[in-house]
>>> print(open('input.txt').read())   # compact mmCIF, C-alpha atoms and all ligand atoms
# COMPACT_ATOMS: atom_id res chain seq x y z
CA MET J 7 0.00 0.00 0.00
CA LEU J 8 1.46 3.32 -1.06
CA HIS J 9 0.66 6.56 0.75
CA GLU J 10 1.91 9.70 -1.04
CA MET J 11 1.64 12.62 1.37
CA LYS J 12 0.74 15.48 -0.97
CA HIS J 13 0.87 18.18 1.70
CA PRO J 14 1.78 21.81 0.94
CA VAL J 15 4.21 22.01 3.88
CA SER J 16 6.20 18.98 2.72
CA ASP J 17 5.86 20.01 -0.94
CA VAL J 18 7.43 23.42 -0.19
CA ALA J 19 10.29 21.77 1.71
CA LEU J 20 10.75 19.19 -1.03
CA THR J 21 11.00 21.93 -3.65
CA ILE J 22 14.00 23.33 -1.76
CA LEU J 23 15.52 19.86 -1.44
CA ARG J 24 15.19 19.32 -5.17
CA ALA J 25 16.86 22.59 -6.18
CA GLN J 26 20.44 21.93 -7.24
CA ASP J 27 21.78 25.12 -5.65
CA THR J 28 20.41 24.42 -2.14
CA CYS J 29 23.29 24.51 0.36
CA THR J 30 23.92 21.81 2.96
CA THR J 31 22.49 23.90 5.80
CA ALA J 32 19.19 24.50 4.02
CA PHE J 33 19.10 20.91 2.80
CA ARG J 34 19.34 19.64 6.38
CA GLN J 35 16.76 22.12 7.66
CA GLN J 36 14.19 21.20 5.03
CA THR J 37 14.92 17.51 5.45
CA GLN J 38 14.03 17.80 9.14
CA ARG J 39 10.66 19.23 8.22
CA VAL J 40 9.78 16.56 5.67
CA ALA J 41 11.22 13.74 7.77
CA LEU J 42 9.00 14.72 10.70
CA MET J 43 5.91 14.57 8.53
CA VAL J 44 6.88 11.28 6.89
CA LEU J 45 7.61 9.65 10.24
CA ALA J 46 4.34 10.93 11.70
CA GLU J 47 2.48 9.33 8.81
CA CYS J 48 4.41 6.08 9.24
CA LEU J 49 3.31 5.99 12.89
CA ARG J 50 -0.36 6.39 12.01
CA THR J 51 -0.78 2.59 12.11
CA MET J 52 1.35 1.91 15.20
CA PRO J 53 -0.35 -0.17 17.90
CA ILE J 54 -2.04 1.82 20.64
CA ASP J 55 -4.23 1.05 23.63
CA ALA J 56 -7.24 3.07 24.68
CA VAL J 57 -6.89 4.79 28.06
CA ARG J 58 -8.89 7.28 30.08
CA VAL J 59 -7.26 10.45 31.26
CA THR J 60 -8.35 12.90 33.94
CA THR J 61 -8.14 16.52 32.82
CA PRO J 62 -8.38 19.41 35.30
CA VAL J 63 -12.12 19.57 34.56
CA GLY J 64 -13.23 16.10 33.52
CA GLU J 65 -12.48 12.71 31.97
CA ALA J 66 -11.36 12.13 28.37
CA ASP J 67 -10.65 9.19 26.11
CA GLY J 68 -7.02 8.89 25.18
CA CYS J 69 -4.46 6.40 23.96
CA ARG J 70 -0.92 5.24 24.62
CA PRO J 71 1.61 3.24 22.59
CA VAL J 72 1.62 -0.49 23.21
CA GLY J 73 4.20 -3.11 22.29
CA ARG J 74 7.63 -2.76 20.74
CA LEU J 75 8.39 0.04 18.32
CA VAL J 76 11.62 -0.42 16.38
CA VAL J 77 13.02 2.19 13.99
CA VAL J 78 15.61 1.17 11.41
CA PRO J 79 17.33 4.00 9.52
CA VAL J 80 19.18 2.77 6.44
CA LEU J 81 22.69 4.26 6.50
CA ARG J 82 23.84 6.75 5.58
CA ALA J 83 20.91 8.74 4.31
CA GLY J 84 18.44 7.30 6.83
CA LEU J 85 20.29 9.16 9.58
CA ALA J 86 18.46 12.23 8.33
CA PHE J 87 15.40 10.92 10.21
CA THR J 88 17.17 10.87 13.60
CA SER J 89 15.83 14.20 14.79
CA ALA J 90 12.28 13.18 13.81
CA VAL J 91 12.65 9.96 15.82
CA GLU J 92 13.81 11.93 18.86
CA GLN J 93 10.80 14.20 18.58
CA LEU J 94 8.02 11.74 17.76
CA CYS J 95 9.01 8.43 19.30
CA PRO J 96 11.90 8.98 21.73
CA ASP J 97 11.25 5.58 23.35
CA ALA J 98 11.68 3.63 20.11
CA GLU J 99 14.38 1.00 19.84
CA LEU J 100 16.89 2.18 17.22
CA MET J 101 18.58 -0.39 15.03
CA PHE J 102 20.70 0.24 11.95
CA ALA J 103 21.12 -1.21 8.48
CA GLY J 104 24.18 -0.19 6.48
CA LEU J 105 23.93 -0.71 2.74
CA ALA J 106 25.64 0.97 -0.18
CA ARG J 107 24.74 0.80 -3.85
CA ASP J 108 27.45 -0.29 -6.23
CA GLU J 109 28.06 2.72 -8.47
CA THR J 110 28.06 0.69 -11.67
CA THR J 111 25.40 -1.97 -11.06
CA ALA J 112 23.23 0.03 -8.58
CA GLU J 113 22.91 -3.15 -6.52
CA ALA J 114 22.92 -2.57 -2.77
CA HIS J 115 25.37 -4.49 -0.59
CA TRP J 116 25.39 -4.83 3.17
CA TYR J 117 28.31 -3.42 5.12
CA MET J 118 26.66 -3.36 8.55
CA ASP J 119 23.75 -5.20 10.09
CA ARG J 120 22.62 -3.94 13.48
CA ILE J 121 19.10 -5.30 13.22
CA GLY J 122 18.59 -7.59 16.17
CA ASP J 123 15.64 -9.71 17.19
CA VAL J 124 12.52 -7.67 16.38
CA SER J 125 10.00 -10.28 17.55
CA GLY J 126 6.48 -8.92 17.61
CA ALA J 127 7.62 -5.36 16.89
CA PHE J 128 6.07 -2.65 14.77
CA VAL J 129 9.08 -1.75 12.62
CA VAL J 130 9.61 1.50 10.71
CA VAL J 131 12.33 1.32 8.04
CA LEU J 132 13.54 4.80 7.06
CA ASP J 133 15.41 5.61 3.86
CA PRO J 134 14.92 8.96 2.10
CA MET J 135 15.29 7.52 -1.41
CA LEU J 136 13.40 4.49 -2.73
CA ALA J 137 14.91 4.01 -6.20
CA THR J 138 15.14 0.39 -7.40
CA GLY J 139 13.92 -0.81 -4.00
CA GLY J 140 17.00 -3.00 -3.65
CA SER J 141 18.18 -1.44 -0.37
CA VAL J 142 14.83 -1.19 1.38
CA GLY J 143 13.73 -4.57 0.08
CA GLN J 144 16.71 -6.27 1.70
CA VAL J 145 16.13 -4.47 4.99
CA VAL J 146 12.43 -5.31 5.07
CA ALA J 147 13.23 -8.96 4.34
CA ARG J 148 15.68 -9.06 7.22
CA CYS J 149 13.19 -7.47 9.62
CA MET J 150 10.59 -10.08 8.63
CA GLU J 151 13.10 -12.92 9.12
CA ARG J 152 13.81 -11.58 12.61
CA GLY J 153 10.20 -11.55 13.69
CA ALA J 154 8.65 -8.18 12.85
CA ALA J 155 4.87 -8.15 13.33
CA ALA J 156 4.42 -5.30 10.84
CA VAL J 157 6.78 -3.18 8.74
CA VAL J 158 6.23 0.33 7.41
CA VAL J 159 8.68 2.03 5.04
CA GLY J 160 9.15 5.80 5.19
CA CYS J 161 10.90 7.71 2.43
CA ILE J 162 11.03 11.19 0.98
CA VAL J 163 11.18 10.49 -2.75
CA ALA J 164 10.12 7.21 -4.33
CA ALA J 165 10.28 5.89 -7.88
CA PRO J 166 7.47 3.73 -9.26
CA GLU J 167 10.03 0.98 -9.93
CA GLY J 168 11.05 0.83 -6.26
CA VAL J 169 7.47 0.93 -5.04
CA ALA J 170 6.58 -1.96 -7.39
CA GLU J 171 9.58 -3.95 -6.18
CA VAL J 172 8.69 -3.56 -2.49
CA GLU J 173 4.95 -4.03 -3.01
CA GLY J 174 5.56 -7.10 -5.17
CA ARG J 175 7.69 -8.77 -2.51
CA PHE J 176 5.78 -7.54 0.55
CA PRO J 177 2.13 -6.81 -0.21
CA ASP J 178 1.35 -6.05 3.45
CA VAL J 179 4.07 -3.43 3.87
CA ARG J 180 2.87 0.15 3.91
CA ILE J 181 5.05 2.66 2.06
CA VAL J 182 4.86 6.34 2.99
CA THR J 183 6.53 8.88 0.72
CA ALA J 184 6.50 12.65 0.46
CA ALA J 185 6.62 12.33 -3.33
CA LEU J 186 6.21 9.68 -5.99
CA ASP J 187 8.39 10.69 -8.92
CA SER J 188 8.37 9.77 -12.61
CA HIS J 189 10.95 7.04 -13.24
CA LEU J 190 14.59 5.91 -12.90
CA ASN J 191 17.24 6.99 -15.39
CA ASP J 192 19.75 4.59 -16.95
CA VAL J 193 22.02 4.76 -13.89
CA LYS J 194 19.06 4.16 -11.55
CA TYR J 195 18.71 7.68 -10.22
CA ILE J 196 15.22 8.98 -9.52
CA ILE J 197 13.93 11.48 -12.09
CA PRO J 198 13.33 14.33 -11.37
CA GLY J 199 14.45 13.37 -7.84
CA LEU J 200 16.95 15.47 -5.93
CA GLY J 201 20.25 13.83 -6.83
CA ASP J 202 22.29 11.87 -4.29
CA PHE J 203 20.54 12.37 -0.97
CA GLY J 204 23.37 10.92 1.14
CA ASP J 205 25.99 13.21 -0.41
CA ARG J 206 23.78 16.29 -0.15
CA TRP J 207 22.69 15.66 3.46
CA CYS J 208 26.17 14.63 4.62
CA GLY J 209 27.75 17.53 2.72
CA THR J 210 30.25 15.23 1.00
C1 LIG J 301 21.02 5.54 -1.66
C2 LIG J 301 19.80 5.94 -0.86
C3 LIG J 301 19.13 4.63 -0.61
C4 LIG J 301 19.46 3.85 -1.86
C5 LIG J 301 18.26 3.80 -2.75
O1 LIG J 301 21.99 5.06 -0.79
O2 LIG J 301 20.14 6.62 0.32
O3 LIG J 301 19.63 3.97 0.52
O4 LIG J 301 20.53 4.55 -2.51
O5 LIG J 301 18.50 3.09 -3.88
P1 LIG J 301 17.84 1.68 -4.20
O6 LIG J 301 16.37 1.81 -3.90
O7 LIG J 301 18.10 1.50 -5.66
O8 LIG J 301 18.50 0.63 -3.36
P2 LIG J 301 23.52 4.89 -1.18
O9 LIG J 301 23.79 3.46 -1.54
O10 LIG J 301 23.93 5.91 -2.18
O11 LIG J 301 24.23 5.10 0.21
P3 LIG J 301 24.29 6.37 1.18
O12 LIG J 301 22.96 6.47 1.85
O13 LIG J 301 25.39 5.99 2.11
O14 LIG J 301 24.61 7.59 0.36
N1 LIG J 302 19.95 7.27 -4.22
C1 LIG J 302 19.89 8.62 -4.20
O1 LIG J 302 20.42 9.26 -3.27
N2 LIG J 302 19.25 9.25 -5.21
C2 LIG J 302 18.67 8.58 -6.21
O2 LIG J 302 18.09 9.23 -7.11
C3 LIG J 302 18.76 7.18 -6.22
C4 LIG J 302 19.40 6.56 -5.20
>>> encode(input="input.txt", output="structure tokens", more="lines below")
Ligand code: PRP
Ligand code: URA
Amino acid sequence: MLHEMKHPVSDVALTILRAQDTCTTAFRQQTQRVALMVLAECLRTMPIDAVRVTTPVGEADGCRPVGRLVVVPVLRAGLAFTSAVEQLCPDAELMFAGLARDETTAEAHWYMDRIGDVSGAFVVVLDPMLATGGSVGQVVARCMERGAAAVVVGCIVAAPEGVAEVEGRFPDVRIVTAALDSHLNDVKYIIPGLGDFGDRWCGT
């Protein structure tokens, strides 16, 4: 299931991210804004329990998180969601997946796996760019193998090819993106996209 946000606040921020002359400082600032909105949408389906709360003047229905919440940023670019995690789900367990795409084949290879046992957890996999779906697909598969009860993928820009890849392999996984772009070019970059997210956010 794909959820494209289509919100003016994230669209304005995304416009600045896309512009080739945006400096690192502005790129990080606007990323924070979009990342917060993407993560909030990812958490829409997180498990909650109903509770009652006493206000100064009465009783109200409320809710609280229940069960394990695990967040898995995909390095490096997924680190851009760290501030959003601190703000929206500071109790979440943080685990990390390190993958890098081969520059010629665009295939993603693991260089670090810090995904532990995620038995019964609601898992949010965060990667700003969903291009071929190779990186995210491998991370989702590993979370499933290690016991995830549900997996949601959060990204900032997605290509139809990557969405089809993830949806084809994992029909129950929800994908949240700020934007669904047109296609991949011949070197598997998202068009129109925003270029190399990791390089632009890291300032490298
Ligand atoms: C980029 C991006 C995603 C991946 C998407 O990472 O941050 O992780 O490519 O492409 P895919 O859907 O085709 O797998 P990259 O390998 O450049 O590493 P980085 O985050 O360290 O820059
Ligand atoms: N990774 C990026 O950072 N950008 C793309 O367009 C594709 C993969």
>>> residues_near_ligand(input="input.txt", ligand="ligand LIG 301 (chain J)", cutoff="7 Å", atoms="only C-alpha atoms and all ligand atoms", output="PyMOL selection string")
chain J and resi 80-84+105-107+112-114+133-142+168+194+202-205
>>> atom_distance(input="input.txt", atom1="atom CA of J:Val146", atom2="atom CA of J:Thr111")
21.0 Å
>>> closest_residue(input="input.txt", among="J:Val59, J:Val18, J:Val158, J:Leu23", to="ligand LIG 302 (chain J)", atoms="all atoms listed in the file")
J:Leu23
>>> closest_residue(input="input.txt", among="J:Gly199, J:Gly64, J:Gly160, J:Pro166", to="J:Thr183", atoms="all atoms listed in the file")
J:Gly160
>>> closest_residue(input="input.txt", among="J:His9, J:Arg148, J:Arg206, J:Arg175", to="J:Phe33", atoms="all atoms listed in the file")
J:Arg206
>>> residues_around(input="input.txt", residues="stretch 186-193 of chain J", least_positions_apart="4", cutoff="7 Å", atoms="only C-alpha atoms", output="list in words")
Glu10, Ala137, Val163, Ala164, Ala165, Pro166, Glu167, Ile197, Pro198 and Gly199 of chain J
>>> write_last_selection(input="input.txt", atoms="C-alpha atoms", output="short mmCIF file (atom, residue, chain, number, x, y, z; two decimals), in the coordinates of the input")
data_model
loop_
_atom_site.label_atom_id
_atom_site.label_comp_id
_atom_site.auth_asym_id
_atom_site.auth_seq_id
_atom_site.Cartn_x
_atom_site.Cartn_y
_atom_site.Cartn_z
CA GLU J 10 1.91 9.70 -1.04
CA ALA J 137 14.91 4.01 -6.20
CA VAL J 163 11.18 10.49 -2.75
CA ALA J 164 10.12 7.21 -4.33
CA ALA J 165 10.28 5.89 -7.88
CA PRO J 166 7.47 3.73 -9.26
CA GLU J 167 10.03 0.98 -9.93
CA ILE J 197 13.93 11.48 -12.09
CA PRO J 198 13.33 14.33 -11.37
CA GLY J 199 14.45 13.37 -7.84
#
>>> atom_distance(input="input.txt", atom1="atom CA of J:Glu65", atom2="atom CA of J:Glu47")
27.8 Å
>>> residues_around(input="input.txt", residues="J:Val131", least_positions_apart="2", cutoff="6 Å", atoms="all atoms listed in the file", output="list in words")
Val78, Pro79 and Val159 of chain J
>>> residues_around(input="input.txt", residues="J:Arg120", least_positions_apart="3", cutoff="9 Å", atoms="all atoms listed in the file", output="list in words")
Val78, Met101, Phe102, Ala103 and Gly104 of chain J
>>> atom_distance(input="input.txt", atom1="atom CA of J:Cys48", atom2="atom CA of J:Val182")
6.3 Å
>>> closest_residue(input="input.txt", among="J:Leu75, J:Met43, J:Ala56, J:Val124", to="J:Ser89", atoms="all atoms listed in the file")
J:Met43
>>> residues_around(input="input.txt", residues="J:Arg39", least_positions_apart="5", cutoff="10 Å", atoms="only C-alpha atoms", output="ChimeraX atom specification")
/J:15-16,18-20,34,44,87,89-90
>>> closest_residue(input="input.txt", among="J:Asp123, J:Glu151, J:Glu109, J:Glu171", to="ligand LIG 302 (chain J)", atoms="all atoms listed in the file")
J:Glu109
>>> build_atoms(input="input.txt", residues="stretch 109-121 of chain J", atoms="N, CA, C and O atoms", output="PDB file, in the coordinates of the input")
ATOM      1  N   GLU J 109      28.258   1.593  -7.551  1.00  0.00           N
ATOM      2  CA  GLU J 109      28.060   2.720  -8.470  1.00  0.00           C
ATOM      3  C   GLU J 109      27.817   2.289  -9.907  1.00  0.00           C
ATOM      4  O   GLU J 109      27.191   3.020 -10.679  1.00  0.00           O
ATOM      5  N   THR J 110      28.293   1.106 -10.284  1.00  0.00           N
ATOM      6  CA  THR J 110      28.060   0.690 -11.670  1.00  0.00           C
ATOM      7  C   THR J 110      26.808  -0.171 -11.832  1.00  0.00           C
ATOM      8  O   THR J 110      26.026   0.034 -12.765  1.00  0.00           O
ATOM      9  N   THR J 111      26.571  -1.082 -10.903  1.00  0.00           N
ATOM     10  CA  THR J 111      25.400  -1.970 -11.060  1.00  0.00           C
ATOM     11  C   THR J 111      24.151  -1.442 -10.357  1.00  0.00           C
ATOM     12  O   THR J 111      23.046  -1.916 -10.623  1.00  0.00           O
ATOM     13  N   ALA J 112      24.318  -0.500  -9.425  1.00  0.00           N
ATOM     14  CA  ALA J 112      23.230   0.030  -8.580  1.00  0.00           C
ATOM     15  C   ALA J 112      22.663  -1.019  -7.628  1.00  0.00           C
ATOM     16  O   ALA J 112      21.621  -0.816  -7.024  1.00  0.00           O
ATOM     17  N   GLU J 113      23.368  -2.142  -7.496  1.00  0.00           N
ATOM     18  CA  GLU J 113      22.910  -3.150  -6.520  1.00  0.00           C
ATOM     19  C   GLU J 113      23.427  -2.783  -5.136  1.00  0.00           C
ATOM     20  O   GLU J 113      24.586  -2.396  -4.982  1.00  0.00           O
ATOM     21  N   ALA J 114      22.552  -2.933  -4.145  1.00  0.00           N
ATOM     22  CA  ALA J 114      22.920  -2.570  -2.770  1.00  0.00           C
ATOM     23  C   ALA J 114      23.556  -3.741  -2.047  1.00  0.00           C
ATOM     24  O   ALA J 114      23.078  -4.879  -2.145  1.00  0.00           O
ATOM     25  N   HIS J 115      24.653  -3.457  -1.346  1.00  0.00           N
ATOM     26  CA  HIS J 115      25.370  -4.490  -0.590  1.00  0.00           C
ATOM     27  C   HIS J 115      25.472  -4.087   0.870  1.00  0.00           C
ATOM     28  O   HIS J 115      25.725  -2.934   1.185  1.00  0.00           O
ATOM     29  N   TRP J 116      25.302  -5.078   1.730  1.00  0.00           N
ATOM     30  CA  TRP J 116      25.390  -4.830   3.170  1.00  0.00           C
ATOM     31  C   TRP J 116      26.817  -4.553   3.593  1.00  0.00           C
ATOM     32  O   TRP J 116      27.729  -5.240   3.164  1.00  0.00           O
ATOM     33  N   TYR J 117      27.022  -3.557   4.453  1.00  0.00           N
ATOM     34  CA  TYR J 117      28.310  -3.420   5.120  1.00  0.00           C
ATOM     35  C   TYR J 117      28.141  -3.391   6.634  1.00  0.00           C
ATOM     36  O   TYR J 117      29.117  -3.445   7.372  1.00  0.00           O
ATOM     37  N   MET J 118      26.899  -3.328   7.108  1.00  0.00           N
ATOM     38  CA  MET J 118      26.660  -3.360   8.550  1.00  0.00           C
ATOM     39  C   MET J 118      25.231  -3.812   8.815  1.00  0.00           C
ATOM     40  O   MET J 118      24.308  -3.316   8.174  1.00  0.00           O
ATOM     41  N   ASP J 119      25.083  -4.749   9.725  1.00  0.00           N
ATOM     42  CA  ASP J 119      23.750  -5.200  10.090  1.00  0.00           C
ATOM     43  C   ASP J 119      23.614  -5.113  11.603  1.00  0.00           C
ATOM     44  O   ASP J 119      24.178  -5.914  12.335  1.00  0.00           O
ATOM     45  N   ARG J 120      22.894  -4.094  12.039  1.00  0.00           N
ATOM     46  CA  ARG J 120      22.620  -3.940  13.480  1.00  0.00           C
ATOM     47  C   ARG J 120      21.118  -4.066  13.726  1.00  0.00           C
ATOM     48  O   ARG J 120      20.547  -3.354  14.538  1.00  0.00           O
ATOM     49  N   ILE J 121      20.504  -4.989  12.973  1.00  0.00           N
ATOM     50  CA  ILE J 121      19.100  -5.300  13.220  1.00  0.00           C
ATOM     51  C   ILE J 121      19.105  -6.560  14.073  1.00  0.00           C
ATOM     52  O   ILE J 121      19.563  -7.611  13.637  1.00  0.00           O
TER      53      ILE J 121
END
